[in-house]
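Okay, target.json is below, JSON, C-alpha atoms and all ligand atoms:
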```json
[["chain", "number", "residue", "atom", "x", "y", "z"],
["A", 1, "MET", "CA", -21.77, 13.92, -35.63],
["A", 2, "LYS", "CA", -22.32, 12.52, -32.14],
["A", 3, "THR", "CA", -23.78, 13.63, -28.83],
["A", 4, "PHE", "CA", -21.66, 13.35, -25.69],
["A", 5, "LEU", "CA", -22.26, 13.95, -22.02],
["A", 6, "ILE", "CA", -19.29, 15.02, -19.90],
["A", 7, "THR", "CA", -19.37, 15.31, -16.12],
["A", 8, "GLY", "CA", -17.10, 17.84, -14.43],
["A", 9, "ALA", "CA", -17.26, 19.75, -17.71],
["A", 10, "SER", "CA", -16.17, 22.95, -15.95],
["A", 11, "GLY", "CA", -12.96, 21.34, -14.69],
["A", 12, "ALA", "CA", -9.55, 21.35, -16.32],
["A", 13, "MET", "CA", -9.72, 18.08, -18.25],
["A", 14, "GLY", "CA", -13.52, 18.17, -18.56],
["A", 15, "SER", "CA", -13.44, 21.54, -20.29],
["A", 16, "ALA", "CA", -10.52, 20.43, -22.48],
["A", 17, "ALA", "CA", -12.64, 17.46, -23.60],
["A", 18, "VAL", "CA", -15.67, 19.67, -24.28],
["A", 19, "ARG", "CA", -13.53, 22.04, -26.33],
["A", 20, "LYS", "CA", -12.00, 19.21, -28.40],
["A", 21, "LEU", "CA", -15.33, 17.49, -29.11],
["A", 22, "ALA", "CA", -17.17, 20.77, -29.79],
["A", 23, "GLY", "CA", -14.36, 21.82, -32.14],
["A", 24, "GLU", "CA", -14.89, 18.61, -34.10],
["A", 25, "GLY", "CA", -18.58, 19.45, -34.47],
["A", 26, "HIS", "CA", -20.06, 17.11, -31.86],
["A", 27, "THR", "CA", -22.90, 18.14, -29.57],
["A", 28, "VAL", "CA", -21.89, 18.18, -25.91],
["A", 29, "TRP", "CA", -23.97, 18.15, -22.75],
["A", 30, "MET", "CA", -21.91, 19.76, -20.01],
["A", 31, "ALA", "CA", -22.80, 18.44, -16.56],
["A", 32, "CYS", "CA", -21.53, 20.85, -13.91],
["A", 33, "ARG", "CA", -22.07, 21.28, -10.20],
["A", 34, "ASN", "CA", -21.44, 25.01, -10.53],
["A", 35, "LEU", "CA", -23.60, 26.39, -13.33],
["A", 36, "GLN", "CA", -21.98, 29.83, -13.24],
["A", 37, "LYS", "CA", -18.53, 28.34, -13.78],
["A", 38, "GLY", "CA", -19.94, 25.99, -16.44],
["A", 39, "GLU", "CA", -21.60, 28.86, -18.29],
["A", 40, "MET", "CA", -18.34, 30.79, -18.31],
["A", 41, "ILE", "CA", -16.53, 27.84, -19.90],
["A", 42, "ARG", "CA", -19.38, 27.29, -22.34],
["A", 43, "ARG", "CA", -19.16, 30.92, -23.51],
["A", 44, "GLN", "CA", -15.38, 30.75, -23.88],
["A", 45, "ILE", "CA", -15.69, 27.67, -26.08],
["A", 46, "LEU", "CA", -18.53, 29.22, -28.09],
["A", 47, "ARG", "CA", -16.35, 32.26, -28.75],
["A", 48, "ASP", "CA", -13.86, 29.95, -30.50],
["A", 49, "TYR", "CA", -16.47, 27.66, -32.04],
["A", 50, "PRO", "CA", -19.62, 29.77, -32.60],
["A", 51, "GLU", "CA", -21.32, 26.89, -34.44],
["A", 52, "ALA", "CA", -20.90, 24.47, -31.53],
["A", 53, "THR", "CA", -23.93, 22.98, -29.80],
["A", 54, "LEU", "CA", -23.28, 22.99, -26.06],
["A", 55, "TYR", "CA", -25.91, 22.36, -23.42],
["A", 56, "LEU", "CA", -25.36, 22.96, -19.74],
["A", 57, "LYS", "CA", -27.07, 21.11, -16.89],
["A", 58, "ALA", "CA", -26.60, 21.00, -13.12],
["A", 59, "LEU", "CA", -25.24, 17.81, -11.62],
["A", 60, "ASP", "CA", -23.93, 17.41, -8.09],
["A", 61, "LEU", "CA", -22.42, 13.96, -7.68],
["A", 62, "SER", "CA", -22.38, 14.29, -3.91],
["A", 63, "SER", "CA", -26.18, 13.93, -3.98],
["A", 64, "PHE", "CA", -28.03, 10.88, -5.30],
["A", 65, "ASP", "CA", -31.15, 13.04, -5.70],
["A", 66, "SER", "CA", -29.22, 15.33, -8.03],
["A", 67, "VAL", "CA", -28.02, 12.33, -10.08],
["A", 68, "LYS", "CA", -31.56, 10.94, -10.30],
["A", 69, "SER", "CA", -33.20, 14.21, -11.30],
["A", 70, "PHE", "CA", -30.41, 14.92, -13.81],
["A", 71, "ALA", "CA", -30.99, 11.56, -15.50],
["A", 72, "SER", "CA", -34.80, 11.87, -15.48],
["A", 73, "GLU", "CA", -34.66, 15.37, -16.98],
["A", 74, "LEU", "CA", -32.44, 14.18, -19.82],
["A", 75, "LYS", "CA", -34.85, 11.33, -20.48],
["A", 76, "GLU", "CA", -37.88, 13.66, -20.38],
["A", 77, "GLU", "CA", -36.16, 15.98, -22.85],
["A", 78, "GLY", "CA", -35.74, 13.04, -25.22],
["A", 79, "VAL", "CA", -31.94, 13.24, -25.26],
["A", 80, "LYS", "CA", -30.07, 10.36, -26.93],
["A", 81, "LEU", "CA", -26.38, 9.92, -26.20],
["A", 82, "ASP", "CA", -23.52, 8.40, -28.18],
["A", 83, "GLY", "CA", -20.99, 8.88, -25.42],
["A", 84, "LEU", "CA", -20.70, 9.38, -21.68],
["A", 85, "PHE", "CA", -17.48, 10.59, -20.09],
["A", 86, "ASN", "CA", -17.55, 10.18, -16.32],
["A", 87, "ASN", "CA", -14.79, 12.67, -15.72],
["A", 88, "ALA", "CA", -15.76, 14.54, -12.54],
["A", 89, "GLY", "CA", -13.79, 13.70, -9.45],
["A", 90, "THR", "CA", -12.67, 14.97, -6.10],
["A", 91, "MET", "CA", -9.95, 14.24, -3.54],
["A", 92, "ASN", "CA", -11.20, 15.50, -0.20],
["A", 93, "ARG", "CA", -8.56, 16.44, 2.34],
["A", 94, "TYR", "CA", -10.70, 15.40, 5.31],
["A", 95, "PHE", "CA", -13.31, 12.76, 5.98],
["A", 96, "THR", "CA", -16.71, 14.30, 5.26],
["A", 97, "LYS", "CA", -20.07, 12.70, 4.74],
["A", 98, "SER", "CA", -22.41, 13.66, 1.94],
["A", 99, "ARG", "CA", -26.06, 14.38, 2.66],
["A", 100, "ASN", "CA", -26.59, 10.69, 1.84],
["A", 101, "GLY", "CA", -24.32, 9.79, 4.76],
["A", 102, "ILE", "CA", -21.52, 8.46, 2.55],
["A", 103, "GLU", "CA", -17.87, 9.53, 2.52],
["A", 104, "THR", "CA", -17.83, 12.26, -0.11],
["A", 105, "THR", "CA", -14.87, 11.18, -2.27],
["A", 106, "TRP", "CA", -16.28, 7.66, -2.43],
["A", 107, "GLN", "CA", -19.69, 8.92, -3.51],
["A", 108, "VAL", "CA", -18.49, 11.53, -6.04],
["A", 109, "ASN", "CA", -15.79, 9.39, -7.66],
["A", 110, "PHE", "CA", -17.44, 6.01, -7.56],
["A", 111, "LEU", "CA", -21.04, 5.47, -6.46],
["A", 112, "SER", "CA", -22.57, 8.44, -8.28],
["A", 113, "PRO", "CA", -20.82, 7.82, -11.62],
["A", 114, "CYS", "CA", -22.00, 4.18, -11.43],
["A", 115, "LEU", "CA", -25.54, 5.31, -10.61],
["A", 116, "LEU", "CA", -25.47, 7.91, -13.38],
["A", 117, "THR", "CA", -24.26, 5.37, -15.94],
["A", 118, "ARG", "CA", -26.91, 2.86, -14.91],
["A", 119, "LEU", "CA", -29.69, 5.47, -15.11],
["A", 120, "LEU", "CA", -28.50, 6.70, -18.50],
["A", 121, "LEU", "CA", -28.13, 3.26, -20.12],
["A", 122, "PRO", "CA", -31.62, 3.47, -21.69],
["A", 123, "ILE", "CA", -30.70, 6.68, -23.54],
["A", 124, "LEU", "CA", -27.22, 5.55, -24.57],
["A", 125, "SER", "CA", -27.27, 4.08, -28.07],
["A", 126, "SER", "CA", -26.33, 0.40, -28.15],
["A", 127, "ASP", "CA", -22.99, 1.29, -29.77],
["A", 128, "ALA", "CA", -22.32, 4.24, -27.48],
["A", 129, "HIS", "CA", -19.00, 4.69, -25.70],
["A", 130, "VAL", "CA", -18.63, 5.11, -21.96],
["A", 131, "ASP", "CA", -15.35, 6.18, -20.43],
["A", 132, "ASN", "CA", -14.70, 6.29, -16.71],
["A", 133, "MET", "CA", -11.81, 8.41, -15.49],
["A", 134, "VAL", "CA", -9.65, 6.36, -13.15],
["A", 135, "SER", "CA", -6.15, 7.05, -11.89],
["A", 136, "LEU", "CA", -2.69, 5.63, -11.55],
["A", 137, "SER", "CA", -3.32, 5.65, -7.79],
["A", 138, "ALA", "CA", -5.85, 2.81, -8.18],
["A", 139, "HIS", "CA", -3.00, 0.35, -8.71],
["A", 140, "TYR", "CA", -1.64, 1.06, -5.22],
["A", 141, "ALA", "CA", -4.98, 0.67, -3.44],
["A", 142, "ARG", "CA", -6.71, -2.27, -1.85],
["A", 143, "LEU", "CA", -10.42, -2.68, -1.30],
["A", 144, "THR", "CA", -11.50, -3.97, 2.05],
["A", 145, "LYS", "CA", -14.54, -6.07, 2.76],
["A", 146, "ASN", "CA", -16.45, -3.20, 4.36],
["A", 147, "PHE", "CA", -17.00, -1.20, 1.23],
["A", 148, "PRO", "CA", -18.90, 1.07, 0.48],
["A", 149, "LEU", "CA", -16.67, 2.89, 2.94],
["A", 150, "SER", "CA", -18.27, 5.30, 5.33],
["A", 151, "ASP", "CA", -15.93, 4.73, 8.21],
["A", 152, "GLU", "CA", -13.77, 7.62, 9.37],
["A", 153, "LYS", "CA", -11.25, 5.26, 10.97],
["A", 154, "GLY", "CA", -8.28, 4.82, 8.71],
["A", 155, "PHE", "CA", -9.45, 7.40, 6.17],
["A", 156, "THR", "CA", -6.67, 9.24, 4.36],
["A", 157, "GLN", "CA", -6.93, 11.73, 1.54],
["A", 158, "LEU", "CA", -4.86, 9.78, -0.99],
["A", 159, "GLY", "CA", -5.98, 6.38, 0.29],
["A", 160, "GLY", "CA", -9.70, 7.24, 0.02],
["A", 161, "TYR", "CA", -9.17, 8.70, -3.44],
["A", 162, "ALA", "CA", -7.20, 5.68, -4.66],
["A", 163, "GLN", "CA", -9.81, 3.26, -3.29],
["A", 164, "SER", "CA", -12.61, 5.13, -5.05],
["A", 165, "LYS", "CA", -10.71, 4.89, -8.34],
["A", 166, "LEU", "CA", -9.90, 1.21, -7.82],
["A", 167, "ALA", "CA", -13.58, 0.49, -7.15],
["A", 168, "LEU", "CA", -14.49, 2.34, -10.34],
["A", 169, "LEU", "CA", -11.89, 0.34, -12.25],
["A", 170, "LEU", "CA", -13.31, -2.98, -10.99],
["A", 171, "TYR", "CA", -16.91, -1.93, -11.65],
["A", 172, "THR", "CA", -15.95, -0.80, -15.17],
["A", 173, "LEU", "CA", -14.34, -4.17, -15.96],
["A", 174, "GLU", "CA", -17.48, -6.06, -15.01],
["A", 175, "LEU", "CA", -19.96, -3.57, -16.51],
["A", 176, "SER", "CA", -18.13, -3.77, -19.83],
["A", 177, "ARG", "CA", -19.03, -7.48, -19.99],
["A", 178, "ARG", "CA", -22.70, -6.93, -19.29],
["A", 179, "VAL", "CA", -23.85, -4.17, -21.62],
["A", 180, "PRO", "CA", -23.69, -3.77, -25.40],
["A", 181, "GLN", "CA", -22.08, -0.32, -25.17],
["A", 182, "TYR", "CA", -18.28, 0.05, -25.35],
["A", 183, "VAL", "CA", -17.36, 0.62, -21.71],
["A", 184, "ASN", "CA", -13.74, 1.47, -20.90],
["A", 185, "MET", "CA", -11.64, 3.54, -18.54],
["A", 186, "SER", "CA", -8.84, 6.03, -18.90],
["A", 187, "ASP", "CA", -5.90, 7.21, -16.82],
["A", 188, "PRO", "CA", -4.65, 10.71, -17.62],
["A", 189, "TRP", "CA", -1.35, 10.17, -15.75],
["A", 190, "ILE", "CA", -0.36, 13.20, -13.63],
["A", 191, "VAL", "CA", -1.88, 16.41, -14.86],
["A", 192, "ASN", "CA", -1.51, 20.06, -13.91],
["A", 193, "THR", "CA", -5.06, 20.70, -12.66],
["A", 194, "PRO", "CA", -6.71, 21.96, -9.43],
["A", 195, "ILE", "CA", -7.28, 18.42, -8.10],
["A", 196, "ILE", "CA", -3.58, 17.87, -7.38],
["A", 197, "HIS", "CA", -3.65, 20.70, -4.83],
["A", 198, "LEU", "CA", -3.58, 18.72, -1.59],
["A", 199, "ASP", "CA", -4.20, 21.48, 0.98],
["A", 200, "ARG", "CA", -0.80, 20.88, 2.58],
["A", 201, "TRP", "CA", 2.22, 22.99, 3.51],
["A", 202, "PHE", "CA", 4.14, 21.66, 0.49],
["A", 203, "ASP", "CA", 1.59, 22.82, -2.12],
["A", 204, "PRO", "CA", 3.57, 26.00, -3.00],
["A", 205, "LEU", "CA", 6.68, 23.88, -3.54],
["A", 206, "ALA", "CA", 4.73, 21.43, -5.69],
["A", 207, "ASP", "CA", 3.31, 24.36, -7.67],
["A", 208, "LEU", "CA", 6.81, 25.57, -8.33],
["A", 209, "PHE", "CA", 8.68, 22.34, -9.05],
["A", 210, "PHE", "CA", 6.12, 19.61, -9.75],
["A", 211, "ARG", "CA", 3.35, 21.25, -11.78],
["A", 212, "PRO", "CA", 5.64, 22.34, -14.63],
["A", 213, "VAL", "CA", 6.59, 18.71, -15.31],
["A", 214, "CYS", "CA", 3.01, 17.41, -15.19],
["A", 215, "TYR", "CA", 0.94, 16.88, -18.33],
["A", 216, "SER", "CA", -1.30, 19.69, -19.53],
["A", 217, "PRO", "CA", -5.08, 19.05, -19.26],
["A", 218, "GLU", "CA", -5.23, 18.82, -23.07],
["A", 219, "LYS", "CA", -2.61, 16.06, -23.06],
["A", 220, "GLY", "CA", -4.03, 14.34, -19.98],
["A", 221, "VAL", "CA", -7.46, 13.95, -21.50],
["A", 222, "ARG", "CA", -6.24, 12.37, -24.74],
["A", 223, "PRO", "CA", -6.60, 8.73, -23.58],
["A", 224, "ALA", "CA", -10.21, 9.46, -22.55],
["A", 225, "LEU", "CA", -10.96, 10.98, -25.93],
["A", 226, "ARG", "CA", -9.49, 7.93, -27.66],
["A", 227, "ALA", "CA", -11.62, 5.67, -25.47],
["A", 228, "LEU", "CA", -14.74, 7.59, -26.53],
["A", 229, "PHE", "CA", -14.13, 6.50, -30.13],
["A", 230, "SER", "CA", -12.58, 3.03, -29.74],
["A", 231, "ASP", "CA", -14.60, -0.11, -30.30],
["A", 232, "VAL", "CA", -12.99, -2.17, -27.53],
["A", 233, "ARG", "CA", -14.38, -3.20, -24.14],
["A", 234, "GLY", "CA", -13.08, -3.23, -20.59],
["A", 235, "LYS", "CA", -9.76, -1.70, -21.54],
["A", 236, "TYR", "CA", -7.53, 0.78, -19.74],
["A", 237, "PHE", "CA", -6.42, 3.73, -21.88],
["A", 238, "VAL", "CA", -3.22, 5.40, -20.75],
["A", 239, "GLY", "CA", -0.76, 7.47, -22.79],
["A", 240, "ASN", "CA", -0.81, 5.99, -26.27],
["A", 241, "SER", "CA", -1.51, 2.45, -25.11],
["A", 242, "ILE", "CA", -4.59, 0.36, -24.43],
["A", 243, "ARG", "CA", -4.02, -2.10, -21.60],
["A", 244, "ASP", "CA", -5.89, -5.14, -20.46],
["A", 245, "TYR", "CA", -6.01, -5.18, -16.66],
["A", 246, "GLU", "CA", -8.77, -7.78, -16.45],
["A", 247, "PRO", "CA", -6.42, -10.75, -15.75],
["A", 248, "LYS", "CA", -4.57, -8.89, -13.00],
["A", 249, "TYR", "CA", -7.68, -7.67, -11.21],
["A", 250, "SER", "CA", -9.80, -10.76, -11.63],
["A", 251, "LYS", "CA", -7.02, -12.69, -9.90],
["A", 252, "ARG", "CA", -7.11, -10.32, -6.96],
["A", 253, "TYR", "CA", -10.86, -9.64, -6.72],
["A", 254, "ASP", "CA", -14.07, -11.44, -7.48],
["A", 255, "LEU", "CA", -15.29, -8.94, -10.05],
["A", 256, "GLN", "CA", -18.79, -10.39, -10.15],
["A", 257, "ASP", "CA", -19.07, -10.14, -6.40],
["A", 258, "VAL", "CA", -17.83, -6.53, -6.34],
["A", 259, "PHE", "CA", -20.30, -5.70, -9.10],
["A", 260, "ALA", "CA", -23.13, -7.45, -7.26],
["A", 261, "GLN", "CA", -22.40, -5.52, -4.05],
["A", 262, "VAL", "CA", -22.44, -2.21, -5.89],
["A", 263, "GLU", "CA", -25.60, -3.10, -7.78],
["A", 264, "THR", "CA", -27.38, -4.15, -4.60],
["A", 265, "PHE", "CA", -26.50, -0.79, -3.10],
["A", 266, "LEU", "CA", -27.52, 1.20, -6.20],
["A", 267, "MET", "CA", -30.87, -0.56, -6.25],
["A", 268, "THR", "CA", -31.60, 0.87, -2.80],
["A", 269, "ILE", "CA", -31.18, 4.33, -4.36],
["A", 270, "ALA", "CA", -33.10, 3.89, -7.61],
["A", 271, "PRO", "CA", -35.11, 1.14, -9.30],
["A", 272, "LEU", "CA", -32.72, -0.38, -11.85],
["A", 273, "GLU", "CA", -33.17, -3.30, -14.19],
["A", 274, "ALA", "CA", -30.75, -6.07, -13.24],
["A", 275, "LEU", "CA", -27.90, -6.57, -15.71],
["B", 1, "LIG", "N1", -5.04, 15.78, -12.41],
["B", 1, "LIG", "C1", -4.52, 14.58, -12.28],
["B", 1, "LIG", "O1", -3.30, 14.39, -12.12],
["B", 1, "LIG", "C2", -5.42, 13.37, -12.34],
["B", 1, "LIG", "C3", -4.82, 12.08, -12.31],
["B", 1, "LIG", "C4", -5.65, 10.96, -12.37],
["B", 1, "LIG", "C5", -7.01, 11.12, -12.47],
["B", 1, "LIG", "N2", -7.57, 12.38, -12.48],
["B", 1, "LIG", "C6", -9.03, 12.47, -12.58],
["B", 1, "LIG", "O2", -9.38, 13.32, -13.66],
["B", 1, "LIG", "C7", -10.71, 13.81, -13.44],
["B", 1, "LIG", "C8", -10.75, 15.29, -13.78],
["B", 1, "LIG", "O3", -10.01, 16.00, -12.81],
["B", 1, "LIG", "P1", -9.06, 17.24, -13.16],
["B", 1, "LIG", "O4", -7.67, 16.76, -12.94],
["B", 1, "LIG", "O5", -9.44, 17.83, -14.46],
["B", 1, "LIG", "O6", -9.35, 18.21, -11.94],
["B", 1, "LIG", "P2", -10.44, 19.38, -11.78],
["B", 1, "LIG", "O7", -10.15, 20.49, -12.70],
["B", 1, "LIG", "O8", -10.47, 19.68, -10.33],
["B", 1, "LIG", "O9", -11.79, 18.71, -12.24],
["B", 1, "LIG", "C9", -12.63, 17.99, -11.40],
["B", 1, "LIG", "C10", -14.04, 18.23, -11.86],
["B", 1, "LIG", "O10", -14.93, 17.45, -11.04],
["B", 1, "LIG", "C11", -15.98, 18.31, -10.64],
["B", 1, "LIG", "N3", -16.58, 17.88, -9.38],
["B", 1, "LIG", "C12", -15.99, 17.76, -8.17],
["B", 1, "LIG", "N4", -16.91, 17.43, -7.25],
["B", 1, "LIG", "C13", -18.08, 17.32, -7.90],
["B", 1, "LIG", "C14", -19.41, 17.04, -7.49],
["B", 1, "LIG", "N5", -19.73, 16.82, -6.22],
["B", 1, "LIG", "N6", -20.38, 17.00, -8.43],
["B", 1, "LIG", "C15", -20.10, 17.25, -9.73],
["B", 1, "LIG", "N7", -18.88, 17.57, -10.17],
["B", 1, "LIG", "C16", -17.88, 17.61, -9.26],
["B", 1, "LIG", "C17", -15.33, 19.67, -10.48],
["B", 1, "LIG", "O11", -16.32, 20.69, -10.47],
["B", 1, "LIG", "P3", -15.93, 22.26, -10.36],
["B", 1, "LIG", "O12", -15.53, 22.64, -11.76],
["B", 1, "LIG", "O13", -17.18, 22.90, -9.91],
["B", 1, "LIG", "O14", -14.79, 22.36, -9.40],
["B", 1, "LIG", "C18", -14.45, 19.70, -11.70],
["B", 1, "LIG", "O15", -15.18, 20.11, -12.82],
["B", 1, "LIG", "C19", -11.05, 13.46, -12.00],
["B", 1, "LIG", "O16", -11.87, 12.31, -11.98],
["B", 1, "LIG", "C20", -9.71, 13.13, -11.39],
["B", 1, "LIG", "O17", -9.83, 12.23, -10.30],
["B", 1, "LIG", "C21", -6.80, 13.50, -12.42]]
```
Once you've parsed the file, please lay out its structure as structure tokens.
Amino acid sequence: MKTFLITGASGAMGSAAVRKLAGEGHTVWMACRNLQKGEMIRRQILRDYPEATLYLKALDLSSFDSVKSFASELKEEGVKLDGLFNNAGTMNRYFTKSRNGIETTWQVNFLSPCLLTRLLLPILSSDAHVDNMVSLSAHYARLTKNFPLSDEKGFTQLGGYAQSKLALLLYTLELSRRVPQYVNMSDPWIVNTPIIHLDRWFDPLADLFFRPVCYSPEKGVRPALRALFSDVRGKYFVGNSIRDYEPKYSKRYDLQDVFAQVETFLMTIAPLEAL
């Protein structure tokens, strides 16, 4: 049996992943920004699987300090991981800056998962699996030269979200070439979860007509769960397929340069060994 860490474990797809893995007998570390909500989910799952081993730990991806202390505590506790699922995500309606002065969606969806992964590499077994949750929206985004973005001008809810997922996709492609672990990404398609509530006038209409045709969280998280057990690298899991987007994106972006920019930034946040 394996040990997994799941971020956003109190969310719709995060909790579905915890439930599935716990039901199969794996140990799961649930990283949640809201411990009360996380504990409620943990208890619900334990009611169905009393033998499950589920640990809960606070992680707020909008704070680099939280990411750093989360990773150091796991290391101090001697935790060893076989899998990391960077699932947590947000899609902020308005431009807001985190306490680190960075646009929040960008930090939560992209910079913090990269930082977390980098800090946890030493406790991930060499054949561990890492899956980063991206999105269909990434394919419609473009990254501009001025990233990491912290500029209110031109910010849009969907645009900022899509850019954060595209950046994560590009970083994942390059990281997968540099570490021994199996690093991949997954796209759940369009799923009936809280994140698709856009804080707009048409939300009630979408709830009525759109949500019923979306995937369930259990179905949406399937590609991620497959990625957490597949010995491939740098691949994009969606539906039942495993796609190779490296040729498309390496034509459009200098993946090494994107990676280097991100790494240079992350190294201002925490001392990291160069990859
Ligand atoms: N639903 C879709 O159609 C869809 C499509 C493509 C990709 N995705 C991606 O799938 C992932 C899971 O989302 P979901 O659809 O399951 O929606 P969700 O239920 O809203 O889950 C999002 C999770 O992220 C957590 N989170 C948000 N901000 C955080 C922060 N600052 N620090 C730590 N955790 C934070 C949330 O915490 P709380 O539980 O405290 O709210 C929640 O657990 C996200 O990365 C999302 O971008 C979703």
Would you pick out the contacts of A:Gln44 at 12 Å or less, using all atoms listed in the file, so that residues sharing its chain but fewer than 3 positions from it are not included, and give the list as a JSON list (two decimals) with C-alpha atoms, in the coordinates of the input?
```
[["chain", "number", "residue", "atom", "x", "y", "z"],
["A", 10, "SER", "CA", -16.17, 22.95, -15.95],
["A", 15, "SER", "CA", -13.44, 21.54, -20.29],
["A", 16, "ALA", "CA", -10.52, 20.43, -22.48],
["A", 18, "VAL", "CA", -15.67, 19.67, -24.28],
["A", 19, "ARG", "CA", -13.53, 22.04, -26.33],
["A", 22, "ALA", "CA", -17.17, 20.77, -29.79],
["A", 37, "LYS", "CA", -18.53, 28.34, -13.78],
["A", 38, "GLY", "CA", -19.94, 25.99, -16.44],
["A", 39, "GLU", "CA", -21.60, 28.86, -18.29],
["A", 40, "MET", "CA", -18.34, 30.79, -18.31],
["A", 41, "ILE", "CA", -16.53, 27.84, -19.90],
["A", 47, "ARG", "CA", -16.35, 32.26, -28.75],
["A", 48, "ASP", "CA", -13.86, 29.95, -30.50],
["A", 49, "TYR", "CA", -16.47, 27.66, -32.04],
["A", 50, "PRO", "CA", -19.62, 29.77, -32.60],
["A", 52, "ALA", "CA", -20.90, 24.47, -31.53],
["A", 54, "LEU", "CA", -23.28, 22.99, -26.06]]
```
task = Please check which protein, DNA or RNA residues sit within 7 Å of ligand LIG 1 (chain B), counting all atoms listed in the file, and write them as a PyMOL selection string.
result = chain A and resi 7-14+32-34+37+59-62+87-90+108-109+133-136+187-196+217
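Of the residues listed (A:Gln107, A:Glu218, A:Thr144, A:Glu246), A:Glu246 shows the shortest atom-to-atom separation from A:Ser176; distances use only C-alpha atoms.
The smallest atom-to-atom distance between A:Tyr94 and any of A:Lys153, A:Lys251, A:His26, A:Lys2, using only C-alpha atoms, is found for A:Lys153.
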request  = Dump as a ChimeraX atom specification all residues having an atom at most 10 Å from (-18.3, 9.9, 3.7), computed in the file's coordinates with all atoms listed in the file.
outcome  = /A:62,92,94-108,148-152,155,160
request  = Kindly provide, as number ranges by chain, the polymer residues lying within 9 Å of (-30.4, 5.8, -21.2), counting all atoms listed in the file and using the coordinates exactly as they appear in the file.
outcome  = A: 71, 74-75, 79-81, 117-125
inquiry  = Need the shell around A:Tyr249: protein/DNA/RNA residues with any atom at most 10 Å away, counting all atoms listed in the file. Skip same-chain ones fewer than 4 positions apart. Format as a PyMOL selection string?
reply    = chain A and resi 139+166+169-170+173+244-245+253-255
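When atom CA of A:Leu168 is paired with atom CA of A:Asp131, their separation reads 10.8 Å.
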request  = Skip A:Gln256 itself and residues of its chain fewer than 3 positions away, then list as a ChimeraX atom specification all residues within 10 Å of it, counting all atoms listed in the file.
outcome  = /A:170-171,173-175,250,253,259-262
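Distances here use only C-alpha atoms; by that measure, the residue among A:Gln181, A:Ser69, A:Ser112, A:Gln157 closest to A:Leu228 is A:Gln181.
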